[in-house]
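Student: Quick one: this structure, given as structure tokens, is what I'll be asking you about.
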Amino acid sequence: MSEVLVAVPAEPSRPGGSPAGTSDGVCHPAWVQAERQVRSWAARHALVVGEEEMRRLARMGHGRMAGWLAPQASPAELGLLAQWGAFIALVDDGFDRHGQSPTQARAVLDELLGVLEDADGSRCPRSAAPAVRALADLWGRTRGAARPGWRQRFVALYRDFADATVTEMRLRASGEQLGLEEYLALRRRTITVLPVLAVVERSLPVADGLDGLREAAADIVAWTNDLRSAAREEDEGTENLVGVLARHHGCSRSRAAAHARVMLAERMDDFDQAAVHGERAAVIRRVREGSLAWQRETHRNPAGGGHAAGAEERGMPALVQHLAVGVDPAGHVEDRCGSRVLESALLLALLRKQGAEVGEQARLTAFLERRRAGASAVDALLIDACLDPAGMAGQASERTAGLPMSMGSGTAGRGRLKAVMLSTVLHLLCGAPLHDSDAPGPAGPEGITTFTDVHVLSARIVHAHACGRPGLVSDAERSRLVSLLSWGRNRVLWEASATTYLLGLHAVRTFRPDDPVVEDGVLRLCLAINADDGVPFLDSQDLWLTAVAGLAFTGEQALAPYVPRMADLVAAWQAPDGGWPFATGMRQTDVDTTTRCMEFLHAAGPDRYREALDRASTYLCGIAGPDGGFPTWVSGDAPDLDMTALHVGAGGPCHGSGRRPCPRMAPPRPLAPRPLVVAPALRHVGLRLRPLAQRGFPHQREADRLTPTPGL
């Protein structure tokens, strides 16, 4: 029994699930269309009324949810599933937001059950409540493709959900508290996973033998949600798994959250042990994994749940508890960048030009106004340019010249490009003049990152059109930009970067304002807005963080049980070129993430991941420069001292580092030595360190901090 986590999850017979298998880890490419459909459908049936309610629905992202749950569905089926998700959520949330009593909720739910139990199943008077009319519409379209006998099963599941919902409301109103087992049984019924899963499965053959698997999936989704929402629900006075566990064990909430995380690991193992091979079990697995992916992307609750340690909990035990809760059941270390001025201003400017999302414009404006006090010189310039474009158009150049920084140099010699990007951003925000002589030259087909490719194309296109000389950019370059921004449909933000995405969309709008890529981009960026109404720089670095955390976890007894699932996750997201991107669903790989992933997989199980490690070694050998140095992103780019040193660390015999092997994996054997690459890398590091040691290590340049976008 662990002194920190109280219990250690049992060893799984099959660690983790592979995102690379079948459709796991893939979101339906038509999820954006389903998102538009669900918003239109909810408004048409008056399930949402007013801008604030529409915004609440939009932030839920039910089209995105449907895309995760059914990545191979037809577009019509995808839209139907999104509407079911929205309907269930809006009805449930309505009880809380409208302050309804258990008796009032029972009356509403009985009306809904009446629609489902009616022989016709789609008739209702025009005077019926909006939720009743919406359900009649859904039910008529849902029953048509269902197998015989399915309707009775679904009605039973929805009735059970209705009864559980009313019970939960009565308990809350009376202040009665349930014991642990009673809470878990009730929570499984209120989470609505089982009714939604029934909709997904409705046309498939009967599979009653998988009810245990379905219940395990419902528990996993419910408990994960409770971990995320524990802090918020405590403030609201709502019962939650973390609070129940704290009461059950007589411990702090942070320790109770760690208990919940152990329970989740054990339930995931239960699921994997029960999941037999075959498409029927795979459907349930996809719903489980899709629900977890959707929860990771929503930002109603903070990653890790925000559980503060108790007053008596200090040092390593408290840190271990915090880290355990920060890893989701699928093995992702969750994160989200904080909101920034640059991206928030660019999105506000784009929405104004599109005449879209008036409510989001107001919230972005308020965010920038709050950030103006105490802003840095650069942020103040961007805020003023965005909020007072007419007044700043003629002042931007003078204000830029007075910035306390040098824009002539920077990482890998890209300082000039950063200066060009600043002038481009100011033009987009307030119409500051541009000069075609400042536009960067066309990028070659090789030796450039996806990010830099979009940045260069965007700058060239914006400059050419701003100067009235669109012919300076070829049609092939314009088409290439649109094509680039059409990649990565698996992510909400293109290549996880709001900065790059926004610059690209602004550029496309200059020559093709009605292109679907712009409309899609606006929807995606609004879905990615943080809870404080600002826009993040990146929406994820989950692969990089999972590898870094996993390496540390291998040497800590209480955390090592989570390593197998984390390692399987990392291995499954290896890119075709043998490297790794810093976030799942990206295309652009980099040396930094690849070396971190290699070191983690070697510590976790070198024999198990031998093929992945060999492919990664080939990737690194191919990216090394002739002097032994390693760039961050692509072969032929300027070498980076940090990347080269990281390669030396990952390429040497890791068993000599003193790190204990993961107790859940086979004993490690050394990585195959690569003297032809490691030795030149060592020489490169030595040659670079000698002059730096003589004159002192410089601090990061202010110019490099301006826009720390990957590839720039």
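Chain labels run A, B, ... following the order of the structure tokens; each chain numbers its residues from 1, and ligands are numbered from 1 in the order shown.
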As a list in words, please: the residues near Leu434 in chain A (cut-off 10 Å, only C-alpha atoms, same-chain neighbours under 6 positions excluded).

Tutor: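 Answer for this query is Ser397, Val420, Ser423, Thr424, Leu426, His427, Val462, His463, Ala464, His465, Ala466 and Cys467 of chain A.
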
Student: List the spatial neighbours of Asp577 in chain A as a list in words - criterion: any atom at most 12 Å away, only C-alpha atoms, same-chain residues fewer than 4 positions off excluded.

Tutor: Trp573, Pro581, Arg587, Gln588, Thr589, Asp590, Val591, Thr594, Ala612, Asp614, Arg615, Ala616, Ser617, Thr618, Tyr619, Leu620, Cys621, Gly622, Ile623 and Val634 of chain A

Student: Which residue, A:Ala257, A:Val166, A:Val548, A:Leu81, has the smallest gap to Pro102 in chain A when you use only C-alpha atoms?

Tutor: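 So, comparing all the options, the nearest one is A:Val166.
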
Student: So, with only C-alpha atoms as the atoms that count, which of A:Ala476, A:Ala256, A:Met54, A:Pro442 lies closest to Ala318 in chain A?

Tutor: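 So, comparing all the options, the nearest one is A:Ala256.
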
Student: Compile the contact shell of Met65 in chain A as a ChimeraX atom specification: residues with an atom at most 8 Å away, counting only C-alpha atoms, same-chain residues fewer than 2 positions apart removed.

Tutor: /A:61-63,67-69,82,290-291,294

Student: One number please: CA of Val535 in chain A to CA of Ser339 in chain A, in Å, one decimal.

Tutor: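 CA of Ser339 in chain A lies 4.7 Å from CA of Val535 in chain A.
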
Student: Give me every strand (DSSP E or B) residue in range 296-378 of chain A, going by DSSP on the backbone, as a ChimeraX atom specification.

Tutor: /A:327,333,339-340

Student: Take CA of Arg187 in chain A and CA of Ala265 in chain A and report the distance between them in Å, one decimal.

Tutor: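 We find that CA of Arg187 in chain A and CA of Ala265 in chain A lie 17.7 Å from each other.
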
Student: Write down as JSON, numbers by chain the residues belonging to range 302-527 of chain A that are assigned alpha helix (DSSP H) by DSSP computed on the backbone.

Tutor: {"A": [315, 316, 317, 318, 319, 320, 321, 322, 323, 324, 325, 341, 342, 343, 344, 345, 346, 347, 348, 349, 350, 351, 352, 353, 354, 358, 359, 360, 361, 362, 363, 364, 365, 366, 367, 368, 369, 370, 371, 372, 377, 378, 379, 380, 381, 382, 383, 384, 385, 386, 387, 389, 390, 391, 392, 396, 397, 398, 399, 400, 401, 415, 416, 417, 418, 419, 420, 421, 422, 423, 424, 425, 426, 427, 428, 429, 430, 450, 451, 452, 453, 454, 455, 456, 457, 458, 459, 460, 461, 462, 463, 464, 465, 466, 475, 476, 477, 478, 479, 480, 481, 482, 483, 484, 485, 498, 499, 500, 501, 502, 503, 504, 505, 506, 507, 508, 509, 510, 511, 516, 517, 518, 519, 520, 521, 522, 523, 524, 525, 526, 527]}

Student: Excluding Val454 in chain A and any residue of its chain fewer than 2 positions from it, enumerate the residues within 9 Å of it, using only C-alpha atoms, and give them as a list in words.

Tutor: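 That gives Thr449, Thr450, Phe451, Thr452, Val456, Leu457, Ser458, Ala459, Arg480, Leu481, Leu484, Leu485, Thr500, Tyr501, Leu503 and Gly504 of chain A.
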
Student: Could you check the closest approach to Ile191 in chain A for each of A:Asp453, A:Glu343, A:Asp269, A:Asp92 and tell me which residue wins, using only C-alpha atoms?

Tutor: A:Asp92

Student: Record the distance separating CA of Gly149 in chain A and CA of Val115 in chain A, expressed in Å with one decimal.

Tutor: 16.9 Å

Student: Give me, as a ChimeraX atom specification, all polymer residues having an atom no more than 12 Å from Pro329 in chain A, counting only C-alpha atoms and skipping those fewer than 4 positions away in the same chain.

Tutor: /A:9,15-17,217,219-225,227-228,260-269,271,288-289,291-293,295-296,304,324-325,333-334,561-566,569

Student: Within 10 Å of Ala547 in chain A, counting only C-alpha atoms, which residues qualify if same-chain residues fewer than 5 places away don't, as a list in words?

Tutor: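 These residues fall inside the cut-off: His332, Val333, Asp542, Ala552, Phe553, Val563, Met566, Ala567, Leu569, Val570, Ala571, Phe582, Thr593, Thr594, Thr595, Arg596, Cys597, Met598, Glu599, Phe600 and Leu601 of chain A.
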